[in-house]
Each structure stands twice: as structure tokens, then as C-alpha cells.
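Printed here is entry.cif (mmCIF, C-alpha atoms):
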```
data_target
#
loop_
_atom_site.group_PDB
_atom_site.id
_atom_site.type_symbol
_atom_site.label_atom_id
_atom_site.label_comp_id
_atom_site.auth_asym_id
_atom_site.auth_seq_id
_atom_site.Cartn_x
_atom_site.Cartn_y
_atom_site.Cartn_z
ATOM 1 C CA MET A 3 0.000 0.000 0.000
ATOM 2 C CA VAL A 4 2.750 2.390 0.975
ATOM 3 C CA THR A 5 4.593 1.503 -2.217
ATOM 4 C CA LYS A 6 1.489 2.292 -4.282
ATOM 5 C CA VAL A 7 1.055 5.659 -2.592
ATOM 6 C CA ILE A 8 4.673 6.544 -3.209
ATOM 7 C CA ALA A 9 4.416 5.487 -6.858
ATOM 8 C CA ILE A 10 1.301 7.601 -7.360
ATOM 9 C CA ALA A 11 2.960 10.539 -5.634
ATOM 10 C CA ILE A 12 5.945 10.229 -7.942
ATOM 11 C CA LEU A 13 3.693 10.141 -11.006
ATOM 12 C CA VAL A 14 1.744 13.200 -9.848
ATOM 13 C CA PHE A 15 4.958 15.043 -8.995
ATOM 14 C CA THR A 16 6.440 14.187 -12.386
ATOM 15 C CA ALA A 17 3.330 15.390 -14.203
ATOM 16 C CA LEU A 18 3.228 18.615 -12.222
ATOM 17 C CA THR A 19 6.931 19.204 -12.763
ATOM 18 C CA GLN A 20 6.620 18.677 -16.498
ATOM 19 C CA GLU A 21 3.685 21.059 -16.649
ATOM 20 C CA ALA A 22 5.598 23.639 -14.666
ATOM 21 C CA LEU A 23 8.523 23.333 -17.034
ATOM 22 C CA ALA A 24 6.402 23.668 -20.155
ATOM 23 C CA ASP A 25 7.309 26.764 -22.120
ATOM 24 C CA ALA A 26 4.946 27.684 -24.938
ATOM 25 C CA ALA A 27 7.112 30.675 -25.883
ATOM 26 C CA ARG A 28 10.059 28.365 -26.425
ATOM 27 C CA GLY A 29 7.705 26.044 -28.267
ATOM 28 C CA LYS A 30 6.864 28.860 -30.662
ATOM 29 C CA LEU A 31 10.549 29.325 -31.469
ATOM 30 C CA LEU A 32 10.898 25.597 -32.028
ATOM 31 C CA TYR A 33 7.829 25.676 -34.262
ATOM 32 C CA GLU A 34 9.356 28.457 -36.378
ATOM 33 C CA SER A 35 12.556 26.492 -36.716
ATOM 34 C CA ARG A 36 11.294 22.959 -37.220
ATOM 35 C CA CYS A 37 7.688 22.951 -38.343
ATOM 36 C CA VAL A 38 7.211 25.845 -40.769
ATOM 37 C CA GLY A 39 8.900 23.935 -43.553
ATOM 38 C CA CYS A 40 5.635 22.048 -43.936
ATOM 39 C CA HIS A 41 3.069 23.664 -41.622
ATOM 40 C CA SER A 42 1.424 27.031 -41.039
ATOM 41 C CA VAL A 43 -0.839 28.126 -38.235
ATOM 42 C CA ASP A 44 -3.696 29.224 -40.481
ATOM 43 C CA HIS A 45 -3.176 27.574 -43.871
ATOM 44 C CA ASN A 46 -2.972 24.024 -45.156
ATOM 45 C CA ARG A 47 0.365 23.505 -46.864
ATOM 46 C CA ILE A 48 2.462 20.342 -47.076
ATOM 47 C CA GLY A 49 0.885 19.520 -43.738
ATOM 48 C CA PRO A 50 -2.434 20.661 -42.286
ATOM 49 C CA MET A 51 -2.954 23.988 -40.508
ATOM 50 C CA HIS A 52 -2.470 23.930 -36.758
ATOM 51 C CA ARG A 53 -4.876 26.481 -35.325
ATOM 52 C CA GLY A 54 -7.382 24.671 -33.169
ATOM 53 C CA VAL A 55 -5.468 21.394 -33.239
ATOM 54 C CA VAL A 56 -5.971 20.660 -29.521
ATOM 55 C CA GLY A 57 -9.494 19.345 -29.144
ATOM 56 C CA ARG A 58 -9.766 18.499 -32.822
ATOM 57 C CA LYS A 59 -10.247 14.993 -34.189
ATOM 58 C CA ALA A 60 -7.193 13.787 -36.092
ATOM 59 C CA GLY A 61 -7.526 13.978 -39.854
ATOM 60 C CA SER A 62 -10.394 16.443 -39.821
ATOM 61 C CA VAL A 63 -9.100 19.768 -41.151
ATOM 62 C CA LYS A 64 -11.300 20.780 -44.043
ATOM 63 C CA GLY A 65 -9.561 20.925 -47.414
ATOM 64 C CA TYR A 66 -6.487 18.928 -46.392
ATOM 65 C CA ASP A 67 -5.791 15.629 -48.128
ATOM 66 C CA TYR A 68 -4.903 13.287 -45.255
ATOM 67 C CA SER A 69 -3.500 9.795 -45.449
ATOM 68 C CA PRO A 70 -6.141 7.067 -45.050
ATOM 69 C CA ALA A 71 -4.569 6.241 -41.669
ATOM 70 C CA LEU A 72 -5.172 9.761 -40.323
ATOM 71 C CA LYS A 73 -8.684 9.863 -41.756
ATOM 72 C CA ALA A 74 -9.532 6.601 -40.028
ATOM 73 C CA SER A 75 -8.001 7.581 -36.696
ATOM 74 C CA LYS A 76 -10.323 8.158 -33.745
ATOM 75 C CA ILE A 77 -7.786 10.279 -31.886
ATOM 76 C CA VAL A 78 -8.764 13.678 -30.546
ATOM 77 C CA TRP A 79 -5.610 15.736 -30.077
ATOM 78 C CA ASN A 80 -4.517 16.848 -26.639
ATOM 79 C CA VAL A 81 -1.128 17.902 -25.273
ATOM 80 C CA THR A 82 -0.203 14.371 -24.219
ATOM 81 C CA LEU A 83 -1.129 12.797 -27.542
ATOM 82 C CA LEU A 84 0.668 15.539 -29.453
ATOM 83 C CA GLN A 85 3.831 14.685 -27.555
ATOM 84 C CA LYS A 86 3.403 11.015 -28.444
ATOM 85 C CA TRP A 87 2.823 11.983 -32.066
ATOM 86 C CA LEU A 88 5.922 14.136 -32.163
ATOM 87 C CA ALA A 89 7.991 11.371 -30.548
ATOM 88 C CA ASN A 90 7.049 8.804 -33.175
ATOM 89 C CA PRO A 91 4.129 9.531 -35.504
ATOM 90 C CA GLU A 92 4.236 6.077 -37.052
ATOM 91 C CA ALA A 93 4.016 4.376 -33.665
ATOM 92 C CA LEU A 94 0.914 6.382 -32.763
ATOM 93 C CA ILE A 95 -0.868 6.122 -36.125
ATOM 94 C CA PRO A 96 0.679 3.470 -38.387
ATOM 95 C CA GLY A 97 0.471 4.354 -42.073
ATOM 96 C CA GLN A 98 0.532 8.103 -41.564
ATOM 97 C CA ASP A 99 2.735 10.302 -43.800
ATOM 98 C CA MET A 100 4.847 12.426 -41.445
ATOM 99 C CA GLY A 101 8.429 11.209 -41.432
ATOM 100 C CA TYR A 102 9.590 13.824 -38.955
ATOM 101 C CA ALA A 103 10.063 13.232 -35.245
ATOM 102 C CA VAL A 104 11.256 15.373 -32.344
ATOM 103 C CA ASP A 105 13.889 13.618 -30.264
ATOM 104 C CA GLU A 106 13.921 15.588 -27.013
ATOM 105 C CA PRO A 107 10.989 15.231 -24.547
ATOM 106 C CA ARG A 108 11.379 18.844 -23.443
ATOM 107 C CA ASP A 109 11.097 20.039 -27.051
ATOM 108 C CA ARG A 110 8.004 17.897 -27.592
ATOM 109 C CA LEU A 111 6.373 19.275 -24.463
ATOM 110 C CA ASP A 112 7.071 22.896 -25.383
ATOM 111 C CA LEU A 113 5.872 22.381 -28.949
ATOM 112 C CA ALA A 114 2.676 20.735 -27.723
ATOM 113 C CA GLU A 115 2.093 23.553 -25.239
ATOM 114 C CA TYR A 116 2.572 26.106 -28.010
ATOM 115 C CA LEU A 117 0.160 24.235 -30.277
ATOM 116 C CA ALA A 118 -2.360 24.306 -27.436
ATOM 117 C CA THR A 119 -2.246 28.122 -27.496
ATOM 118 C CA LEU A 120 -3.406 28.209 -31.134
ATOM 119 C CA LYS A 121 -7.118 28.601 -30.528
ATOM 120 C CA MET B 13 23.396 43.335 -52.864
ATOM 121 C CA LYS B 14 27.073 42.630 -53.375
ATOM 122 C CA SER B 15 26.611 39.278 -51.741
ATOM 123 C CA ILE B 16 23.953 38.395 -54.276
ATOM 124 C CA VAL B 17 26.316 39.204 -57.101
ATOM 125 C CA ILE B 18 28.997 37.126 -55.434
ATOM 126 C CA GLY B 19 26.508 34.334 -55.015
ATOM 127 C CA GLU B 20 25.668 34.577 -58.668
ATOM 128 C CA ALA B 21 29.358 34.477 -59.475
ATOM 129 C CA LEU B 22 29.487 31.151 -57.686
ATOM 130 C CA SER B 23 27.846 30.133 -60.899
ATOM 131 C CA ARG B 24 24.593 28.762 -62.026
ATOM 132 C CA ARG B 25 26.672 26.318 -64.018
ATOM 133 C CA ASN B 26 27.955 24.722 -60.829
ATOM 134 C CA PHE B 27 24.469 24.604 -59.329
ATOM 135 C CA LEU B 28 23.101 22.905 -62.401
ATOM 136 C CA ALA B 29 25.991 20.465 -62.450
ATOM 137 C CA THR B 30 25.185 19.599 -58.855
ATOM 138 C CA THR B 31 21.500 19.024 -59.399
ATOM 139 C CA ALA B 32 22.089 17.124 -62.611
ATOM 140 C CA THR B 33 24.369 14.814 -60.674
ATOM 141 C CA LEU B 34 21.670 14.371 -58.074
ATOM 142 C CA SER B 35 19.090 13.344 -60.623
ATOM 143 C CA ALA B 36 21.330 10.920 -62.425
ATOM 144 C CA GLY B 37 22.808 9.575 -59.225
ATOM 145 C CA THR B 38 19.455 9.003 -57.634
ATOM 146 C CA VAL B 39 17.989 7.207 -60.581
ATOM 147 C CA ALA B 40 21.108 5.118 -61.093
ATOM 148 C CA LEU B 41 21.103 4.271 -57.433
ATOM 149 C CA LEU B 42 17.565 2.986 -57.574
ATOM 150 C CA ALA B 43 18.003 1.266 -60.898
ATOM 151 C CA GLY B 44 20.811 -0.719 -59.341
ATOM 152 C CA ASN B 45 18.831 -1.726 -56.276
ATOM 153 C CA SER B 46 16.674 -4.673 -57.177
ATOM 154 C CA ALA B 47 15.058 -4.835 -53.740
ATOM 155 C CA LEU B 48 13.723 -1.338 -54.137
ATOM 156 C CA ALA B 49 12.798 -1.864 -57.753
ATOM 157 C CA GLN B 50 10.552 -4.761 -56.903
ATOM 158 C CA GLY B 51 7.643 -2.676 -55.732
ATOM 159 C CA MET B 52 5.948 -0.912 -52.915
ATOM 160 C CA ALA B 53 6.147 -3.551 -50.225
ATOM 161 C CA GLY B 54 7.080 -2.616 -46.680
ATOM 162 C CA ASN B 55 9.980 -0.254 -46.357
ATOM 163 C CA ALA B 56 9.678 1.155 -49.871
ATOM 164 C CA ALA B 57 6.131 2.315 -49.180
ATOM 165 C CA ALA B 58 7.307 4.139 -46.065
ATOM 166 C CA ASP B 59 10.136 5.774 -47.982
ATOM 167 C CA VAL B 60 7.775 6.819 -50.774
ATOM 168 C CA GLY B 61 5.603 8.544 -48.179
ATOM 169 C CA ILE B 62 8.561 10.602 -47.001
ATOM 170 C CA LEU B 63 9.697 11.327 -50.557
ATOM 171 C CA ASN B 64 6.214 12.567 -51.421
ATOM 172 C CA VAL B 65 6.315 14.998 -48.504
ATOM 173 C CA ALA B 66 9.658 16.189 -49.869
ATOM 174 C CA LEU B 67 8.117 16.529 -53.315
ATOM 175 C CA GLY B 68 5.357 18.645 -51.801
ATOM 176 C CA LEU B 69 8.022 20.916 -50.356
ATOM 177 C CA GLU B 70 9.680 21.257 -53.739
ATOM 178 C CA HIS B 71 6.377 22.037 -55.504
ATOM 179 C CA GLU B 72 5.755 24.748 -52.942
ATOM 180 C CA ALA B 73 9.263 26.197 -53.265
ATOM 181 C CA ILE B 74 8.999 26.363 -57.065
ATOM 182 C CA ASN B 75 5.713 28.217 -56.795
ATOM 183 C CA ALA B 76 6.966 30.514 -54.040
ATOM 184 C CA TYR B 77 9.830 31.635 -56.273
ATOM 185 C CA GLN B 78 7.350 31.991 -59.139
ATOM 186 C CA LEU B 79 5.223 34.280 -57.000
ATOM 187 C CA GLY B 80 8.306 36.285 -56.055
ATOM 188 C CA ALA B 81 9.542 36.517 -59.622
ATOM 189 C CA ALA B 82 6.139 37.620 -60.898
ATOM 190 C CA SER B 83 5.601 40.122 -58.097
ATOM 191 C CA GLY B 84 7.608 42.896 -59.740
ATOM 192 C CA LEU B 85 9.232 43.494 -56.360
ATOM 193 C CA LEU B 86 12.622 41.941 -57.136
ATOM 194 C CA GLN B 87 15.482 43.934 -58.589
ATOM 195 C CA LYS B 88 17.308 42.400 -61.548
ATOM 196 C CA PRO B 89 20.235 40.664 -59.797
ATOM 197 C CA VAL B 90 17.974 39.342 -57.076
ATOM 198 C CA LEU B 91 15.454 38.180 -59.652
ATOM 199 C CA ASP B 92 18.197 36.264 -61.462
ATOM 200 C CA ILE B 93 19.175 34.510 -58.261
ATOM 201 C CA ALA B 94 15.545 33.705 -57.452
ATOM 202 C CA VAL B 95 15.098 32.150 -60.881
ATOM 203 C CA GLY B 96 18.344 30.233 -60.389
ATOM 204 C CA PHE B 97 17.189 28.871 -57.055
ATOM 205 C CA GLN B 98 13.845 27.985 -58.596
ATOM 206 C CA SER B 99 15.703 25.941 -61.209
ATOM 207 C CA HIS B 100 17.383 23.963 -58.405
ATOM 208 C CA HIS B 101 14.005 23.195 -56.892
ATOM 209 C CA LYS B 102 12.764 22.054 -60.293
ATOM 210 C CA ALA B 103 15.752 19.709 -60.498
ATOM 211 C CA HIS B 104 14.954 18.441 -56.984
ATOM 212 C CA ARG B 105 11.336 17.899 -58.054
ATOM 213 C CA ASP B 106 12.352 15.952 -61.138
ATOM 214 C CA ALA B 107 14.757 13.768 -59.150
ATOM 215 C CA LEU B 108 12.121 13.057 -56.512
ATOM 216 C CA ILE B 109 9.453 12.210 -59.084
ATOM 217 C CA ALA B 110 11.848 9.823 -60.830
ATOM 218 C CA THR B 111 12.735 8.199 -57.520
ATOM 219 C CA ILE B 112 9.124 7.825 -56.372
ATOM 220 C CA GLN B 113 8.139 6.294 -59.680
ATOM 221 C CA LYS B 114 11.134 3.971 -59.585
ATOM 222 C CA LEU B 115 9.916 2.766 -56.202
ATOM 223 C CA GLY B 116 6.461 2.108 -57.619
ATOM 224 C CA GLY B 117 4.821 5.089 -55.949
ATOM 225 C CA LYS B 118 2.605 7.846 -57.266
ATOM 226 C CA PRO B 119 4.158 11.317 -57.070
ATOM 227 C CA VAL B 120 2.034 13.931 -55.331
ATOM 228 C CA GLU B 121 0.732 16.473 -57.816
ATOM 229 C CA GLU B 122 1.477 20.170 -57.926
ATOM 230 C CA LYS B 123 -1.369 22.473 -56.886
ATOM 231 C CA LYS B 124 -2.452 25.622 -58.672
ATOM 232 C CA LEU B 125 -0.345 28.759 -58.268
ATOM 233 C CA ASP B 126 -3.287 30.501 -56.603
ATOM 234 C CA ASP B 127 -3.449 27.788 -53.966
ATOM 235 C CA TYR B 128 0.192 28.377 -53.084
ATOM 236 C CA ALA B 129 -0.357 32.133 -53.093
ATOM 237 C CA LYS B 130 -3.131 31.745 -50.545
ATOM 238 C CA ALA B 131 -1.255 29.253 -48.377
ATOM 239 C CA LEU B 132 1.855 31.469 -48.330
ATOM 240 C CA ASN B 133 -0.127 34.677 -47.819
ATOM 241 C CA ALA B 134 1.502 36.147 -50.924
ATOM 242 C CA SER B 135 -0.826 39.146 -50.886
ATOM 243 C CA ALA B 136 1.129 40.426 -47.876
ATOM 244 C CA LEU B 137 4.355 40.726 -49.896
ATOM 245 C CA LYS B 138 4.971 44.445 -50.389
ATOM 246 C CA SER B 139 8.727 44.739 -50.894
ATOM 247 C CA GLN B 140 11.805 42.864 -52.043
ATOM 248 C CA SER B 141 12.686 42.246 -48.399
ATOM 249 C CA ASP B 142 9.282 40.647 -47.839
ATOM 250 C CA VAL B 143 9.889 38.260 -50.730
ATOM 251 C CA LEU B 144 13.406 37.419 -49.548
ATOM 252 C CA ASP B 145 12.158 36.909 -46.003
ATOM 253 C CA LEU B 146 9.505 34.457 -47.182
ATOM 254 C CA ALA B 147 12.036 32.621 -49.330
ATOM 255 C CA ALA B 148 14.520 32.454 -46.461
ATOM 256 C CA ARG B 149 11.874 31.080 -44.081
ATOM 257 C CA LEU B 150 10.850 28.424 -46.574
ATOM 258 C CA GLU B 151 14.458 27.458 -47.330
ATOM 259 C CA LEU B 152 15.282 27.153 -43.625
ATOM 260 C CA GLY B 153 12.127 25.157 -43.065
ATOM 261 C CA ALA B 154 13.016 22.866 -45.950
ATOM 262 C CA THR B 155 16.572 22.453 -44.654
ATOM 263 C CA ASN B 156 15.320 21.421 -41.243
ATOM 264 C CA ALA B 157 12.606 19.217 -42.719
ATOM 265 C CA TYR B 158 15.097 17.306 -44.859
ATOM 266 C CA LEU B 159 17.527 16.947 -41.968
ATOM 267 C CA GLY B 160 14.661 15.821 -39.742
ATOM 268 C CA VAL B 161 13.468 13.021 -42.012
ATOM 269 C CA ILE B 162 16.908 11.527 -42.655
ATOM 270 C CA PRO B 163 16.642 9.053 -39.739
ATOM 271 C CA SER B 164 13.224 7.912 -40.963
ATOM 272 C CA PHE B 165 14.384 6.515 -44.285
ATOM 273 C CA LYS B 166 14.568 2.741 -44.374
ATOM 274 C CA ASP B 167 17.074 2.933 -47.211
ATOM 275 C CA THR B 168 20.255 4.776 -46.261
ATOM 276 C CA ALA B 169 20.929 5.732 -49.865
ATOM 277 C CA LEU B 170 17.719 7.770 -49.801
ATOM 278 C CA ALA B 171 18.849 9.347 -46.541
ATOM 279 C CA LYS B 172 21.944 10.519 -48.371
ATOM 280 C CA VAL B 173 19.773 12.039 -51.101
ATOM 281 C CA ALA B 174 17.825 13.924 -48.406
ATOM 282 C CA ALA B 175 21.112 15.203 -46.982
ATOM 283 C CA ARG B 176 22.145 16.470 -50.404
ATOM 284 C CA LEU B 177 18.811 18.234 -50.834
ATOM 285 C CA ALA B 178 19.269 19.800 -47.389
ATOM 286 C CA ALA B 179 22.693 21.057 -48.454
ATOM 287 C CA ASP B 180 21.175 22.854 -51.457
ATOM 288 C CA GLU B 181 18.471 24.437 -49.279
ATOM 289 C CA THR B 182 21.096 25.552 -46.775
ATOM 290 C CA MET B 183 23.048 27.203 -49.569
ATOM 291 C CA HIS B 184 19.887 29.057 -50.644
ATOM 292 C CA TRP B 185 19.136 30.140 -47.082
ATOM 293 C CA THR B 186 22.684 31.425 -46.606
ATOM 294 C CA VAL B 187 22.591 33.589 -49.733
ATOM 295 C CA LEU B 188 19.119 34.935 -48.897
ATOM 296 C CA THR B 189 20.139 35.706 -45.314
ATOM 297 C CA ASN B 190 23.167 37.566 -46.562
ATOM 298 C CA ALA B 191 21.036 39.525 -49.037
ATOM 299 C CA LEU B 192 18.711 40.519 -46.193
ATOM 300 C CA GLY B 193 21.706 41.836 -44.261
ATOM 301 C CA ARG B 194 21.151 39.413 -41.435
ATOM 302 C CA PRO B 195 23.977 37.769 -39.499
ATOM 303 C CA LEU B 196 24.798 34.140 -39.968
ATOM 304 C CA PRO B 197 24.349 31.880 -36.915
ATOM 305 C CA ALA B 198 27.015 32.562 -34.302
ATOM 306 C CA ALA B 199 26.852 29.030 -32.937
ATOM 307 C CA ALA B 200 27.576 25.759 -34.650
ATOM 308 C CA LEU B 201 25.007 23.016 -35.249
ATOM 309 C CA THR B 202 22.017 25.324 -35.565
ATOM 310 C CA PHE B 203 20.456 23.536 -38.542
ATOM 311 C CA GLY B 204 18.179 20.627 -37.825
ATOM 312 C CA ALA B 205 17.992 21.551 -34.142
#
```
Rewrite the coordinates I just gave you, this time as C-alpha cells.
Amino acid sequence: MVTKVIAIAILVFTALTQEALADAARGKLLYESRCVGCHSVDHNRIGPMHRGVVGRKAGSVKGYDYSPALKASKIVWNVTLLQKWLANPEALIPGQDMGYAVDEPRDRLDLAEYLATLK
Amino acid sequence: MKSIVIGEALSRRNFLATTATLSAGTVALLAGNSALAQGMAGNAAADVGILNVALGLEHEAINAYQLGAASGLLQKPVLDIAVGFQSHHKAHRDALIATIQKLGGKPVEEKKLDDYAKALNASALKSQSDVLDLAARLELGATNAYLGVIPSFKDTALAKVAARLAADETMHWTVLTNALGRPLPAAALTFGA
């Protein structure tokens, strides 16, 4: 029982620490450096537009030609899922088209937090 | 502006030689790889997906330079460089299409110029600096995109092709940054990070 409580406390502490460390401003800089080759906030380009991505069903931006895998996905994007996507898109949604991944967890968190500000 | 002239002096001939080598090298590479030539199974399909994203980038770059060239905002030496860079992107496009087809894939099609104009917010371009800034942002984005997908290729020869494409985009970005009067990165290892 004590072990379980400690484990839960560690998980909660880790989550809170990660949230505290999240830096959307840094995420914006990362976005400008790494994402704008294919994405824009308000326009579909090589990749779909990002405004409103958090809370949106995957593969649902109007006018963007998604892979069948994205179209069929039931995922609704949130900050946690965006981090998983950025870590390894193919692992999250096999058959998708994005060959780009973000190696560092801190970068993924900040990017996801920035994307969450695009409402 | 001097830097543009210097860049031009680096020679369109050399650029074209480079891209011609890329096209021939890529096709020869694939022609000599029977595993890849056998179709779209498994790894090849994944690589085609990445190559098609790259092709989308090249279509966009070609049209971005077209929008810049047709804007009337570029002075003659800058216009010549823009057209030269556009020719590199056309060579990239042709190499990618040949590679995708060799792998048994279907190359993604180019959109209409108006679609690119809307997506790139071309109506906001009011000066030569605006055009150069857009081009520089796209070239940097393409550089980082190519560097970022290198680890995803199942075939390392295709990863090398992506690295060569990234090198061309970096060259473009460097010349454009110089033309804009902006400093080059002070630190090392800024690309792809």
C-alpha cells in the first residue's frame, strides 16, 4: 500500500513538474525552426494547418488531403497525444505520412504547449 | 546586394551540375537496387511517403519563387538569383518524381499557383525584403525538414539524397540571409535543431 502511494505521488509530482517546465514561448521558437517547412498556423500547406489542433479529431481539417490512416483515426488531439505523435508519428498512427520526429521530450512538451495556445 | 552578385558568381553552371548529378545519381542508385525496384512492399512504401512529402516541399518552393519573380518586387540581380534557385528546386522535383516512380509510388501532384499564393499569404508581400524573407523562411524550413526526415528513411541511400537536398536548401538560405543583411548563426550546429 505504501509503495502504491509513493508510486502515485511520484507520477503526480512528475506530471506537475513537467507542466511547470512547459514553455509555450520556447515552443513557438521551435515551431518556427522545425515545423514551418511544412506547416502554417492558419493555412494548409504540405501539412495541415495547426490552429485549433488541440481538441480536434485527427484527420479532420477541411480541405487537407490526409492519409487514409489519419482519416480513419479516432484520436482527438490533446497535449499528451501531441507529444506522443511528435515522438514517433508512425508508432501512434501506423500508415501516416509524417516522417519527422522530435527527439527531445522537453522540445516535444514545449511544442505541444505552443500548439495548445493556437485557438 | 554585393553578396547576391557574389553568389551569382558562384555560378549557375555549378548549381546545375550539382543538381544534374543528383538526378542521375538518384535514378542510377535505384536502378541498381533490385530490392527497391521490386515494388511498394514494406519499407519502400514508407520511404515513398517521405519522398512525397519532400516533393510537396519542392512544388511549394517552385511556386513561391514563381510568386516572387512575378511580383515585380525583385530587382534584376535578385530576380536572377531567385530564378536560379527555382531551377534547383525544379531539379529536386524531377529527381524526386523519378525516384518515387522507380519505387512504384505515385508522385504527389502540384497544386495551382493561386493555392500556393493563398497558403503562403503572398498578398502580404509588399517589398523585395518581404519576398526574400519568405524565401529564407521556406528554405530554412526545408533544410530542417530534410535533416529531420533523414533518420526515418529505411534505405540509407535515400537518406543521403535527403542530406544532399538539405545542403542545397542551406546554400539558398545562406545567400538569402546575406542579401537581407542578417547575421549568420554565431553558434555551430544550428540547422536541424
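Put simply, atom CA of Thr182 of chain B is 23.0 Å away from atom CA of Asp167 of chain B.
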Tell me as a ChimeraX atom specification which residues belonging to chain B come within 10 Å of chain A, counting all atoms listed in the file. /B:57-73,127-128,130-133,149-165,202-205
Name every residue that the PyMOL selection byres ((chain B and resi 186-199) around 6) selects in this structure, writing the answer as JSON, numbers by chain with chains first and numbers rising. {"B": [13, 148, 183, 184, 185, 200]}
As a ChimeraX atom specification, please: the residues near Gly84 of chain B (cut-off 10 Å, all atoms listed in the file, same-chain neighbours under 4 positions excluded). /B:79-80,88,91,138-140
Distance in Å - atom CA of Lys76 of chain A versus atom CA of Arg108 of chain A: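 Distance between the two atoms: 26.3 Å.
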Report as a list in words all protein, DNA and RNA residues lying within 9 Å of Ile74 of chain B, evaluated on only C-alpha atoms, omitting residues in the same chain fewer than 6 positions from it. Phe97, Gln98, Ser99, His100, His101, Lys102 and Arg105 of chain B
Tell me which residues the PyMOL selection byres ((chain A and resi 66) around 8) grabs here, as JSON, numbers by chain. {"A": [46, 49, 50, 63, 64, 65, 67, 68]}
Pairwise distance for atom CA of Pro91 of chain A and atom CA of Arg58 of chain A, rounded to one decimal in Å: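 Interatomic distance here is 16.8 Å.
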Hey, what's within 8 Å of Leu177 of chain B if we count only C-alpha atoms and toss same-chain stuff fewer than 3 positions away? As a list in words, please? His104, Thr155, Tyr158, Val173, Ala174, Asp180 and Glu181 of chain B
Centre, x/y/z edge lengths, axis-aligned box for segment 95-106 of chain A with 3 Å per side, as JSON:
```
{"center_x": 6.5, "center_y": 9.5, "center_z": -35.4, "size_x": 20.8, "size_y": 18.1, "size_z": 22.8}
```
Please, which residues are within 9 Å of (12.5, 9.0, -56.7) by the file's coordinates, counting only C-alpha atoms, and could they come as a list in words?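 Every residue inside that radius is included here: Ser35, Thr38, Val39, Leu42, Val60, Leu63, Asn64, Asp106, Ala107, Leu108, Ile109, Ala110, Thr111, Ile112, Gln113, Lys114, Leu115, Gly117, Pro119 and Leu170 of chain B.
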Within 8 Å of Ala60 of chain A, counting only C-alpha atoms, which residues qualify if same-chain residues fewer than 5 places away don't, as a list in words?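 Neighbouring residues, sequence-local ones excluded: Leu72, Lys73, Ser75, Lys76, Ile77, Val78 and Trp79 of chain A.
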For the structure shown, which residues end up in the PyMOL selection byres ((chain A and resi 26) around 9)? Put them as a ChimeraX atom specification, please? /A:24-25,27-31,111-119
Excluding Leu137 of chain B and any residue of its chain fewer than 5 positions from it, enumerate the residues within 12 Å of it, using all atoms listed in the file, and give them as an NGL selection string. :B and (76 or 79-86 or 129-130 or 132 or 142-147)
